[in-house]
file coords.pdb (PDB, C-alpha atoms, pLDDT in the B column)
ATOM      1  CA  LEU A 255     101.577  71.830 128.074  1.00 79.00           C
ATOM      2  CA  GLU A 256     101.295  72.700 131.782  1.00 77.00           C
ATOM      3  CA  HIS A 257      97.876  71.050 131.797  1.00 82.00           C
ATOM      4  CA  GLY A 258      99.171  67.978 129.986  1.00 84.00           C
ATOM      5  CA  ARG A 259      97.539  68.727 126.658  1.00 87.00           C
ATOM      6  CA  HIS A 260      98.843  68.260 123.140  1.00 87.00           C
ATOM      7  CA  PHE A 261     100.165  71.414 121.409  1.00 89.00           C
ATOM      8  CA  GLU A 262     100.432  72.366 117.732  1.00 90.00           C
ATOM      9  CA  GLY A 263     101.583  75.714 116.408  1.00 87.00           C
ATOM     10  CA  THR A 264     103.715  77.716 114.021  1.00 87.00           C
ATOM     11  CA  THR A 265     106.328  80.216 115.068  1.00 85.00           C
ATOM     12  CA  LYS A 266     109.438  81.975 113.877  1.00 86.00           C
ATOM     13  CA  ASN A 267     112.704  80.320 114.850  1.00 85.00           C
ATOM     14  CA  TYR A 268     116.340  81.114 114.153  1.00 88.00           C
ATOM     15  CA  ARG A 269     119.172  79.037 112.772  1.00 86.00           C
ATOM     16  CA  LYS A 270     122.640  79.023 114.306  1.00 89.00           C
ATOM     17  CA  ASP A 271     123.764  81.658 111.814  1.00 91.00           C
ATOM     18  CA  GLY A 272     120.912  83.943 112.925  1.00 88.00           C
ATOM     19  CA  THR A 273     118.688  83.596 109.862  1.00 88.00           C
ATOM     20  CA  ALA A 274     114.990  83.280 110.600  1.00 88.00           C
ATOM     21  CA  PHE A 275     112.708  80.506 109.385  1.00 86.00           C
ATOM     22  CA  GLU A 276     109.093  79.497 109.872  1.00 87.00           C
ATOM     23  CA  MET A 277     108.751  76.432 112.063  1.00 87.00           C
ATOM     24  CA  GLU A 278     105.719  74.194 112.484  1.00 90.00           C
ATOM     25  CA  TRP A 279     105.916  72.095 115.620  1.00 87.00           C
ATOM     26  CA  THR A 280     103.982  69.537 117.578  1.00 92.00           C
ATOM     27  CA  ILE A 281     104.600  68.761 121.243  1.00 91.00           C
ATOM     28  CA  ALA A 282     102.945  65.865 123.071  1.00 91.00           C
ATOM     29  CA  PRO A 283     103.293  64.861 126.756  1.00 90.00           C
ATOM     30  CA  VAL A 284     104.393  61.310 127.585  1.00 90.00           C
ATOM     31  CA  ARG A 285     102.992  59.765 130.779  1.00 88.00           C
ATOM     32  CA  ASN A 286     104.144  56.860 132.921  1.00 89.00           C
ATOM     33  CA  ASP A 287     101.961  54.065 134.255  1.00 88.00           C
ATOM     34  CA  ASP A 288     100.746  56.313 137.069  1.00 86.00           C
ATOM     35  CA  GLY A 289      99.559  58.914 134.606  1.00 84.00           C
ATOM     36  CA  ARG A 290     102.237  61.433 135.519  1.00 87.00           C
ATOM     37  CA  ILE A 291     103.996  63.354 132.758  1.00 88.00           C
ATOM     38  CA  THR A 292     107.606  62.241 132.587  1.00 89.00           C
ATOM     39  CA  HIS A 293     108.724  64.069 129.464  1.00 89.00           C
ATOM     40  CA  TYR A 294     107.608  65.575 126.154  1.00 90.00           C
ATOM     41  CA  VAL A 295     108.165  64.593 122.553  1.00 91.00           C
ATOM     42  CA  ALA A 296     108.494  67.450 120.070  1.00 89.00           C
ATOM     43  CA  LEU A 297     108.443  67.310 116.280  1.00 88.00           C
ATOM     44  CA  GLN A 298     109.705  70.389 114.432  1.00 85.00           C
ATOM     45  CA  ARG A 299     109.376  71.046 110.724  1.00 86.00           C
ATOM     46  CA  ASP A 300     110.784  73.914 108.641  1.00 85.00           C
ATOM     47  CA  VAL A 301     107.805  75.209 106.612  1.00 82.00           C
ATOM     48  CA  THR A 302     109.437  78.373 105.236  1.00 80.00           C
ATOM     49  CA  GLU A 303     109.352  77.165 101.639  1.00 80.00           C
ATOM     50  CA  ARG A 304     105.798  75.878 101.931  1.00 76.00           C
ATOM     51  CA  LYS A 305     104.605  79.213 103.291  1.00 80.00           C
ATOM     52  CA  ARG A 306     106.490  81.040 100.548  1.00 76.00           C
ATOM     53  CA  LEU A 307     104.814  78.900  97.880  1.00 75.00           C
ATOM     54  CA  LEU A 308     101.379  79.405  99.445  1.00 73.00           C
ATOM     55  CA  GLU A 309     101.934  83.163  99.528  1.00 72.00           C
ATOM     56  CA  MET A 310     103.062  83.082  95.894  1.00 70.00           C
ATOM     57  CA  LEU A 311      99.930  81.164  94.891  1.00 67.00           C
ATOM     58  CA  ARG A 312      97.765  83.587  96.836  1.00 73.00           C
ATOM     59  CA  HIS A 313      99.511  86.501  95.114  1.00 64.00           C
ATOM     60  CA  GLN A 314      98.993  84.938  91.683  1.00 68.00           C
ATOM     61  CA  ALA A 315      95.310  84.429  92.444  1.00 74.00           C
ATOM     62  CA  LEU A 316      94.829  88.153  93.162  1.00 87.00           C
ATOM     63  CA  ILE A 317      97.311  89.992  90.959  1.00 92.00           C
ATOM     64  CA  ASP A 318      97.547  90.545  87.210  1.00 93.00           C
ATOM     65  CA  GLY A 319     100.899  89.097  86.209  1.00 89.00           C
ATOM     66  CA  LEU A 320     101.807  91.710  83.584  1.00 93.00           C
ATOM     67  CA  THR A 321     100.960  94.952  85.363  1.00 95.00           C
ATOM     68  CA  GLY A 322     101.043  94.051  89.045  1.00 93.00           C
ATOM     69  CA  ALA A 323      97.560  95.541  89.426  1.00 95.00           C
ATOM     70  CA  LEU A 324      94.732  93.602  91.042  1.00 95.00           C
ATOM     71  CA  ASN A 325      92.982  91.231  88.668  1.00 94.00           C
ATOM     72  CA  ARG A 326      89.326  91.649  87.748  1.00 94.00           C
ATOM     73  CA  ASP A 327      87.942  89.138  90.265  1.00 92.00           C
ATOM     74  CA  GLU A 328      89.759  90.744  93.179  1.00 94.00           C
ATOM     75  CA  THR A 329      88.793  94.228  92.024  1.00 95.00           C
ATOM     76  CA  GLN A 330      85.139  93.190  91.930  1.00 93.00           C
ATOM     77  CA  ARG A 331      85.405  91.670  95.395  1.00 93.00           C
ATOM     78  CA  LEU A 332      86.927  94.838  96.845  1.00 95.00           C
ATOM     79  CA  LEU A 333      84.369  97.011  95.069  1.00 95.00           C
ATOM     80  CA  SER A 334      81.565  95.107  96.803  1.00 93.00           C
ATOM     81  CA  LEU A 335      83.308  95.515 100.161  1.00 94.00           C
ATOM     82  CA  GLU A 336      83.888  99.237  99.657  1.00 95.00           C
ATOM     83  CA  ILE A 337      80.282  99.830  98.584  1.00 94.00           C
ATOM     84  CA  GLU A 338      79.039  98.044 101.690  1.00 93.00           C
ATOM     85  CA  ARG A 339      81.429 100.039 103.880  1.00 93.00           C
ATOM     86  CA  ALA A 340      80.388 103.329 102.281  1.00 93.00           C
ATOM     87  CA  ARG A 341      76.711 102.437 102.721  1.00 91.00           C
ATOM     88  CA  ARG A 342      77.185 101.443 106.354  1.00 91.00           C
ATOM     89  CA  TYR A 343      79.123 104.542 107.396  1.00 92.00           C
ATOM     90  CA  GLY A 344      77.662 107.050 104.960  1.00 91.00           C
ATOM     91  CA  THR A 345      81.023 107.884 103.394  1.00 94.00           C
ATOM     92  CA  ASP A 346      81.954 108.829  99.844  1.00 95.00           C
ATOM     93  CA  LEU A 347      83.150 106.317  97.290  1.00 96.00           C
ATOM     94  CA  SER A 348      84.181 107.111  93.732  1.00 96.00           C
ATOM     95  CA  ILE A 349      85.414 105.008  90.858  1.00 97.00           C
ATOM     96  CA  VAL A 350      87.621 105.872  87.899  1.00 98.00           C
ATOM     97  CA  ILE A 351      87.698 103.710  84.768  1.00 98.00           C
ATOM     98  CA  PHE A 352      90.176 104.445  82.018  1.00 98.00           C
ATOM     99  CA  ASP A 353      91.053 102.882  78.711  1.00 96.00           C
ATOM    100  CA  ILE A 354      94.155 103.371  76.544  1.00 97.00           C
ATOM    101  CA  ASP A 355      93.182 105.093  73.313  1.00 97.00           C
ATOM    102  CA  HIS A 356      93.821 103.223  70.043  1.00 95.00           C
ATOM    103  CA  PHE A 357      95.716 100.499  71.877  1.00 96.00           C
ATOM    104  CA  LYS A 358      94.970  97.904  69.199  1.00 95.00           C
ATOM    105  CA  ALA A 359      96.818 100.077  66.691  1.00 95.00           C
ATOM    106  CA  VAL A 360      99.895 100.052  68.931  1.00 95.00           C
ATOM    107  CA  ASN A 361      99.826  96.247  69.114  1.00 93.00           C
ATOM    108  CA  ASP A 362      99.204  95.873  65.390  1.00 94.00           C
ATOM    109  CA  LYS A 363     101.937  98.292  64.287  1.00 94.00           C
ATOM    110  CA  PHE A 364     104.648  97.764  66.909  1.00 94.00           C
ATOM    111  CA  GLY A 365     103.907  94.308  68.302  1.00 94.00           C
ATOM    112  CA  HIS A 366     102.565  92.912  71.537  1.00 93.00           C
ATOM    113  CA  ASN A 367     105.882  93.274  73.347  1.00 94.00           C
ATOM    114  CA  LEU A 368     105.657  97.035  73.102  1.00 95.00           C
ATOM    115  CA  GLY A 369     101.983  96.843  73.959  1.00 95.00           C
ATOM    116  CA  ASP A 370     102.888  94.982  77.134  1.00 95.00           C
ATOM    117  CA  GLU A 371     105.507  97.635  77.943  1.00 96.00           C
ATOM    118  CA  VAL A 372     102.849 100.319  77.592  1.00 96.00           C
ATOM    119  CA  LEU A 373     100.467  98.510  79.945  1.00 97.00           C
ATOM    120  CA  ALA A 374     103.169  97.878  82.543  1.00 96.00           C
ATOM    121  CA  SER A 375     104.462 101.460  82.383  1.00 96.00           C
ATOM    122  CA  ILE A 376     101.001 102.922  82.803  1.00 96.00           C
ATOM    123  CA  ALA A 377     100.424 100.729  85.852  1.00 96.00           C
ATOM    124  CA  GLU A 378     103.734 101.963  87.282  1.00 96.00           C
ATOM    125  CA  THR A 379     102.611 105.529  86.626  1.00 96.00           C
ATOM    126  CA  VAL A 380      99.309 105.031  88.440  1.00 96.00           C
ATOM    127  CA  ARG A 381     100.553 103.100  91.469  1.00 94.00           C
ATOM    128  CA  PRO A 382     102.429 105.945  93.236  1.00 94.00           C
ATOM    129  CA  ARG A 383      99.335 108.158  92.925  1.00 95.00           C
ATOM    130  CA  MET A 384      97.238 105.695  94.943  1.00 95.00           C
ATOM    131  CA  ARG A 385      96.702 106.001  98.688  1.00 95.00           C
ATOM    132  CA  THR A 386      97.027 102.938 100.896  1.00 95.00           C
ATOM    133  CA  THR A 387      93.217 102.829 101.165  1.00 95.00           C
ATOM    134  CA  ASP A 388      92.694 102.903  97.381  1.00 97.00           C
ATOM    135  CA  HIS A 389      92.562  99.901  95.050  1.00 97.00           C
ATOM    136  CA  PHE A 390      93.894  99.663  91.509  1.00 97.00           C
ATOM    137  CA  GLY A 391      92.930  96.853  89.169  1.00 96.00           C
ATOM    138  CA  ARG A 392      93.236  95.761  85.575  1.00 96.00           C
ATOM    139  CA  TRP A 393      89.665  95.369  84.422  1.00 95.00           C
ATOM    140  CA  GLY A 394      90.571  93.647  81.170  1.00 91.00           C
ATOM    141  CA  GLY A 395      92.739  94.209  78.111  1.00 93.00           C
ATOM    142  CA  GLU A 396      93.799  97.856  78.155  1.00 96.00           C
ATOM    143  CA  GLU A 397      91.155  98.950  80.677  1.00 97.00           C
ATOM    144  CA  PHE A 398      91.894  99.779  84.318  1.00 98.00           C
ATOM    145  CA  VAL A 399      89.840 100.651  87.396  1.00 98.00           C
ATOM    146  CA  ALA A 400      90.728 102.754  90.438  1.00 98.00           C
ATOM    147  CA  LEU A 401      88.520 102.482  93.536  1.00 97.00           C
ATOM    148  CA  LEU A 402      88.735 105.588  95.705  1.00 97.00           C
ATOM    149  CA  PRO A 403      87.096 105.228  99.148  1.00 96.00           C
ATOM    150  CA  GLN A 404      86.218 108.395 101.059  1.00 95.00           C
ATOM    151  CA  THR A 405      86.602 110.407  97.863  1.00 96.00           C
ATOM    152  CA  ALA A 406      83.886 112.634  96.447  1.00 95.00           C
ATOM    153  CA  LEU A 407      83.293 113.098  92.734  1.00 95.00           C
ATOM    154  CA  GLU A 408      85.366 116.269  92.479  1.00 95.00           C
ATOM    155  CA  GLY A 409      88.372 114.584  94.066  1.00 96.00           C
ATOM    156  CA  ALA A 410      88.049 111.589  91.754  1.00 97.00           C
ATOM    157  CA  GLN A 411      87.865 113.852  88.723  1.00 97.00           C
ATOM    158  CA  ALA A 412      91.003 115.699  89.816  1.00 97.00           C
ATOM    159  CA  PHE A 413      92.735 112.350  90.315  1.00 97.00           C
ATOM    160  CA  ALA A 414      91.707 111.264  86.819  1.00 98.00           C
ATOM    161  CA  GLU A 415      92.871 114.531  85.251  1.00 97.00           C
ATOM    162  CA  ASP A 416      96.259 114.122  86.907  1.00 97.00           C
ATOM    163  CA  LEU A 417      96.591 110.584  85.542  1.00 97.00           C
ATOM    164  CA  ARG A 418      95.459 111.658  82.104  1.00 97.00           C
ATOM    165  CA  GLY A 419      98.256 114.213  81.913  1.00 97.00           C
ATOM    166  CA  ARG A 420     100.882 111.830  83.254  1.00 97.00           C
ATOM    167  CA  ILE A 421      99.949 109.087  80.783  1.00 97.00           C
ATOM    168  CA  ALA A 422     100.008 111.527  77.860  1.00 97.00           C
ATOM    169  CA  ALA A 423     103.515 112.586  78.907  1.00 96.00           C
ATOM    170  CA  LEU A 424     104.939 109.049  78.772  1.00 96.00           C
ATOM    171  CA  ALA A 425     107.327 108.260  75.920  1.00 94.00           C
ATOM    172  CA  PHE A 426     108.058 104.750  74.668  1.00 94.00           C
ATOM    173  CA  ARG A 427     110.551 103.305  72.218  1.00 92.00           C
ATOM    174  CA  ASP A 428     110.021 103.808  68.486  1.00 89.00           C
ATOM    175  CA  GLY A 429     108.559 107.206  69.295  1.00 91.00           C
ATOM    176  CA  VAL A 430     105.317 105.716  70.561  1.00 94.00           C
ATOM    177  CA  ARG A 431     103.093 107.866  72.764  1.00 95.00           C
ATOM    178  CA  VAL A 432      99.610 107.056  74.039  1.00 97.00           C
ATOM    179  CA  THR A 433      96.673 108.783  75.652  1.00 97.00           C
ATOM    180  CA  ALA A 434      93.809 107.478  77.771  1.00 98.00           C
ATOM    181  CA  SER A 435      90.109 108.244  78.124  1.00 98.00           C
ATOM    182  CA  PHE A 436      88.513 108.354  81.579  1.00 98.00           C
ATOM    183  CA  GLY A 437      85.090 107.867  83.127  1.00 97.00           C
ATOM    184  CA  VAL A 438      84.375 108.963  86.699  1.00 98.00           C
ATOM    185  CA  ALA A 439      81.377 108.122  88.903  1.00 96.00           C
ATOM    186  CA  ALA A 440      80.493 108.512  92.567  1.00 95.00           C
ATOM    187  CA  ARG A 441      78.384 106.058  94.517  1.00 92.00           C
ATOM    188  CA  ALA A 442      74.745 107.052  94.822  1.00 86.00           C
ATOM    189  CA  ASP A 443      72.698 105.734  97.749  1.00 74.00           C
ATOM    190  CA  GLU A 444      71.159 103.031  95.588  1.00 63.00           C
ATOM    191  CA  SER A 445      74.321 102.024  93.712  1.00 69.00           C
ATOM    192  CA  ASP A 446      75.639  98.490  93.793  1.00 83.00           C
ATOM    193  CA  GLY A 447      78.892  97.443  92.154  1.00 88.00           C
ATOM    194  CA  THR A 448      77.305  96.630  88.805  1.00 90.00           C
ATOM    195  CA  THR A 449      75.463  99.948  88.666  1.00 91.00           C
ATOM    196  CA  LEU A 450      78.489 101.992  89.653  1.00 93.00           C
ATOM    197  CA  ILE A 451      80.716 100.288  87.082  1.00 94.00           C
ATOM    198  CA  ALA A 452      78.069 100.777  84.390  1.00 93.00           C
ATOM    199  CA  ARG A 453      77.761 104.505  85.123  1.00 94.00           C
ATOM    200  CA  ALA A 454      81.531 104.985  85.058  1.00 96.00           C
ATOM    201  CA  ASP A 455      81.697 102.986  81.835  1.00 95.00           C
ATOM    202  CA  GLN A 456      79.103 105.262  80.230  1.00 95.00           C
ATOM    203  CA  ALA A 457      81.235 108.249  81.174  1.00 97.00           C
ATOM    204  CA  LEU A 458      84.281 106.532  79.667  1.00 97.00           C
ATOM    205  CA  TYR A 459      82.481 106.118  76.361  1.00 95.00           C
ATOM    206  CA  ALA A 460      81.418 109.760  76.510  1.00 96.00           C
ATOM    207  CA  SER A 461      85.126 110.618  76.677  1.00 97.00           C
ATOM    208  CA  LYS A 462      85.891 108.391  73.702  1.00 96.00           C
ATOM    209  CA  ASN A 463      83.006 109.745  71.659  1.00 95.00           C
ATOM    210  CA  GLY A 464      84.064 113.289  72.571  1.00 95.00           C
ATOM    211  CA  GLY A 465      87.487 112.926  71.016  1.00 95.00           C
ATOM    212  CA  ARG A 466      89.420 110.793  73.575  1.00 96.00           C
ATOM    213  CA  ASN A 467      92.205 111.875  75.942  1.00 97.00           C
ATOM    214  CA  GLN A 468      89.706 113.449  78.332  1.00 97.00           C
ATOM    215  CA  VAL A 469      87.795 112.880  81.575  1.00 97.00           C
ATOM    216  CA  SER A 470      83.998 112.652  81.743  1.00 97.00           C
ATOM    217  CA  ARG A 471      81.635 112.371  84.696  1.00 95.00           C
ATOM    218  CA  ALA A 472      78.832 109.828  84.775  1.00 91.00           C
ATOM    219  CA  VAL A 473      75.371 110.705  83.531  1.00 67.00           C
ATOM    220  CA  GLY A 474      73.444 112.446  86.306  1.00 67.00           C
ATOM    221  CA  GLU A 475      76.659 113.925  87.625  1.00 64.00           C
ATOM    222  CA  GLU A 476      76.987 116.672  85.039  1.00 47.00           C
ATOM    223  CA  THR A 477      78.805 114.660  82.383  1.00 43.00           C
ATOM    224  CA  ALA A 478      81.546 116.937  81.057  1.00 43.00           C
TER     225      ALA A 478
END

call {"tool": "encode", "arguments": {"input": "coords.pdb", "output": "structure tokens"}}
result
Amino acid sequence: LEHGRHFEGTTKNYRKDGTAFEMEWTIAPVRNDDGRITHYVALQRDVTERKRLLEMLRHQALIDGLTGALNRDETQRLLSLEIERARRYGTDLSIVIFDIDHFKAVNDKFGHNLGDEVLASIAETVRPRMRTTDHFGRWGGEEFVALLPQTALEGAQAFAEDLRGRIAALAFRDGVRVTASFGVAARADESDGTTLIARADQALYASKNGGRNQVSRAVGEETA
């Protein structure tokens, strides 16, 4: 403005009652016949609701509506970023995949409403166990993924064992209880996202084939 140029910006402003709102404003200098600035014209617009709607749309694009976990697309995106970061800095990265055992039977016998309650409750059980640097996503159906940066295989297995016990301890209406099977894998030097997911998935199926309600490591990492 001091140099006579047009200005556009967004800032926080306050109403007379002290409540804050987001304001988008445009200020333009007005010159006289000699080219000197005589005054300015400002246009202000309250964009609080627009920004709220944009944030809501952004949230919906990233988050699974039922569980509040990241959706699959966002989980895949973050997995690629974390693999690249781990490769660049030579740090650990582990992944935990888990699947609710016999979940179809719960839906078939007690209905999808209870099934949804189970999924939401399990997500609520997992979320407080996550660090701010971790990522938790719903991979699809009754399957979830936890991305654990700077975590070696042993730490990821301990994390999975803790979750396994907590999920088994949950109690739902109609006397329903569930368990979950887990697969754990750590990034190898050559691993990309697809490879890492596949190895963890193999470990998950080892848990299911071994009787369910257990944690298995990926092949090549002493599956047990």

call {"tool": "atom_distance", "arguments": {"input": "coords.pdb", "atom1": "atom CA of Lys358 of chain A", "atom2": "atom CA of Ala425 of chain A"}}
result
17.5 Å

call {"tool": "residues_near_point", "arguments": {"input": "coords.pdb", "point": "(108.3, 77.5, 106.6)", "cutoff": "12 Å", "atoms": "all atoms listed in the file", "output": "VMD selection string"}}
result
chain A and resid 264 to 268 274 to 279 298 to 309

call {"tool": "resolve_selection", "arguments": {"input": "coords.pdb", "expression": "the PyMOL selection byres ((chain A and resi 453-462) around 10)", "output": "number ranges by chain"}}
result
A: 348-353, 355, 399, 434-441, 445, 448-452, 463-475, 477-478

call {"tool": "residues_around", "arguments": {"input": "coords.pdb", "residues": "Arg285 of chain A", "least_positions_apart": "4", "cutoff": "12 Å", "atoms": "all atoms listed in the file", "output": "ChimeraX atom specification"}}
result
/A:258-259,289-295

call {"tool": "resolve_selection", "arguments": {"input": "coords.pdb", "expression": "the PyMOL selection byres ((chain A and resi 398) around 9)", "output": "PyMOL selection string"}}
result
chain A and resi 323+350-354+377+390-397+399-400

call {"tool": "atom_distance", "arguments": {"input": "coords.pdb", "atom1": "atom CA of Asp428 of chain A", "atom2": "atom CA of Leu373 of chain A"}}
result
15.8 Å

call {"tool": "residues_around", "arguments": {"input": "coords.pdb", "residues": "Val430 of chain A", "least_positions_apart": "2", "cutoff": "10 Å", "atoms": "all atoms listed in the file", "output": "PDB file with C-alpha atoms, in the coordinates of the input"}}
result
ATOM      1  CA  VAL A 360      99.895 100.052  68.931  1.00 95.00           C
ATOM      2  CA  PHE A 364     104.648  97.764  66.909  1.00 94.00           C
ATOM      3  CA  LEU A 368     105.657  97.035  73.102  1.00 95.00           C
ATOM      4  CA  VAL A 372     102.849 100.319  77.592  1.00 96.00           C
ATOM      5  CA  LEU A 424     104.939 109.049  78.772  1.00 96.00           C
ATOM      6  CA  ALA A 425     107.327 108.260  75.920  1.00 94.00           C
ATOM      7  CA  PHE A 426     108.058 104.750  74.668  1.00 94.00           C
ATOM      8  CA  ARG A 427     110.551 103.305  72.218  1.00 92.00           C
ATOM      9  CA  ASP A 428     110.021 103.808  68.486  1.00 89.00           C
ATOM     10  CA  VAL A 432      99.610 107.056  74.039  1.00 97.00           C
TER      11      VAL A 432
END

call {"tool": "axis_aligned_box", "arguments": {"input": "coords.pdb", "around": "segment 373-386 of chain A", "padding_each_side": "5 Å", "output": "AutoDock Vina command-line options"}}
result
--center_x 100.6 --center_y 103.0 --center_z 90.4 --size_x 17.8 --size_y 20.3 --size_z 31.0

call {"tool": "closest_residue", "arguments": {"input": "coords.pdb", "among": "A:Leu324, A:Ala423, A:Leu347, A:Ile376", "to": "Ala410 of chain A", "atoms": "only C-alpha atoms"}}
result
A:Leu347

call {"tool": "resolve_selection", "arguments": {"input": "coords.pdb", "expression": "the PyMOL selection byres ((chain A and resi 320) around 8)", "output": "ChimeraX atom specification"}}
result
/A:318-319,321-322,370,373-374

call {"tool": "atom_distance", "arguments": {"input": "coords.pdb", "atom1": "atom CA of Arg312 of chain A", "atom2": "atom CA of Gln330 of chain A"}}
result
16.6 Å

call {"tool": "residues_around", "arguments": {"input": "coords.pdb", "residues": "Leu335 of chain A", "least_positions_apart": "5", "cutoff": "12 Å", "atoms": "all atoms listed in the file", "output": "list of chain:residue names"}}
result
A:Glu328, A:Thr329, A:Gln330, A:Ala340, A:Arg341, A:Arg342, A:Leu347, A:His389, A:Leu401, A:Pro403, A:Asp446, A:Gly447

call {"tool": "build_atoms", "arguments": {"input": "coords.pdb", "residues": "segment 282-289 of chain A", "atoms": "all heavy atoms", "output": "JSON list (two decimals), keeping the file's coordinate frame"}}
result
[["chain", "number", "residue", "atom", "x", "y", "z"],
["A", 282, "ALA", "N", 103.90, 66.75, 122.39],
["A", 282, "ALA", "CA", 102.94, 65.86, 123.07],
["A", 282, "ALA", "C", 103.56, 65.38, 124.38],
["A", 282, "ALA", "O", 104.74, 65.00, 124.42],
["A", 282, "ALA", "CB", 102.59, 64.69, 122.19],
["A", 283, "PRO", "N", 102.78, 65.38, 125.48],
["A", 283, "PRO", "CA", 103.29, 64.86, 126.76],
["A", 283, "PRO", "C", 103.31, 63.33, 126.76],
["A", 283, "PRO", "O", 102.46, 62.69, 126.13],
["A", 283, "PRO", "CB", 102.29, 65.40, 127.77],
["A", 283, "PRO", "CG", 101.01, 65.55, 127.00],
["A", 283, "PRO", "CD", 101.42, 65.92, 125.60],
["A", 284, "VAL", "N", 104.28, 62.77, 127.43],
["A", 284, "VAL", "CA", 104.39, 61.31, 127.58],
["A", 284, "VAL", "C", 104.22, 61.00, 129.08],
["A", 284, "VAL", "O", 104.89, 61.58, 129.93],
["A", 284, "VAL", "CB", 105.75, 60.78, 127.09],
["A", 284, "VAL", "CG1", 105.84, 59.27, 127.30],
["A", 284, "VAL", "CG2", 105.94, 61.13, 125.61],
["A", 285, "ARG", "N", 103.30, 60.08, 129.38],
["A", 285, "ARG", "CA", 102.99, 59.76, 130.78],
["A", 285, "ARG", "C", 103.50, 58.36, 131.15],
["A", 285, "ARG", "O", 103.59, 57.48, 130.31],
["A", 285, "ARG", "CB", 101.47, 59.84, 131.01],
["A", 285, "ARG", "CG", 100.87, 61.21, 130.69],
["A", 285, "ARG", "CD", 99.36, 61.20, 130.84],
["A", 285, "ARG", "NE", 98.77, 62.48, 130.46],
["A", 285, "ARG", "CZ", 98.61, 63.50, 131.29],
["A", 285, "ARG", "NH1", 99.00, 63.36, 132.57],
["A", 285, "ARG", "NH2", 98.08, 64.62, 130.87],
["A", 286, "ASN", "N", 103.76, 58.19, 132.45],
["A", 286, "ASN", "CA", 104.14, 56.86, 132.92],
["A", 286, "ASN", "C", 102.90, 56.07, 133.31],
["A", 286, "ASN", "O", 101.77, 56.52, 133.08],
["A", 286, "ASN", "CB", 105.13, 56.97, 134.08],
["A", 286, "ASN", "CG", 104.51, 57.68, 135.28],
["A", 286, "ASN", "OD1", 103.30, 57.86, 135.36],
["A", 286, "ASN", "ND2", 105.35, 58.07, 136.23],
["A", 287, "ASP", "N", 103.10, 54.92, 133.90],
["A", 287, "ASP", "CA", 101.96, 54.06, 134.26],
["A", 287, "ASP", "C", 101.04, 54.70, 135.28],
["A", 287, "ASP", "O", 99.86, 54.34, 135.38],
["A", 287, "ASP", "CB", 102.47, 52.72, 134.79],
["A", 287, "ASP", "CG", 103.18, 51.90, 133.72],
["A", 287, "ASP", "OD1", 102.93, 52.19, 132.53],
["A", 287, "ASP", "OD2", 103.96, 51.00, 134.06],
["A", 288, "ASP", "N", 101.57, 55.63, 136.07],
["A", 288, "ASP", "CA", 100.75, 56.31, 137.07],
["A", 288, "ASP", "C", 100.01, 57.52, 136.50],
["A", 288, "ASP", "O", 99.27, 58.20, 137.21],
["A", 288, "ASP", "CB", 101.62, 56.78, 138.24],
["A", 288, "ASP", "CG", 102.25, 55.61, 138.97],
["A", 288, "ASP", "OD1", 101.61, 54.54, 139.02],
["A", 288, "ASP", "OD2", 103.38, 55.77, 139.46],
["A", 289, "GLY", "N", 100.24, 57.78, 135.23],
["A", 289, "GLY", "CA", 99.56, 58.91, 134.61],
["A", 289, "GLY", "C", 100.30, 60.22, 134.75],
["A", 289, "GLY", "O", 99.80, 61.26, 134.31]]
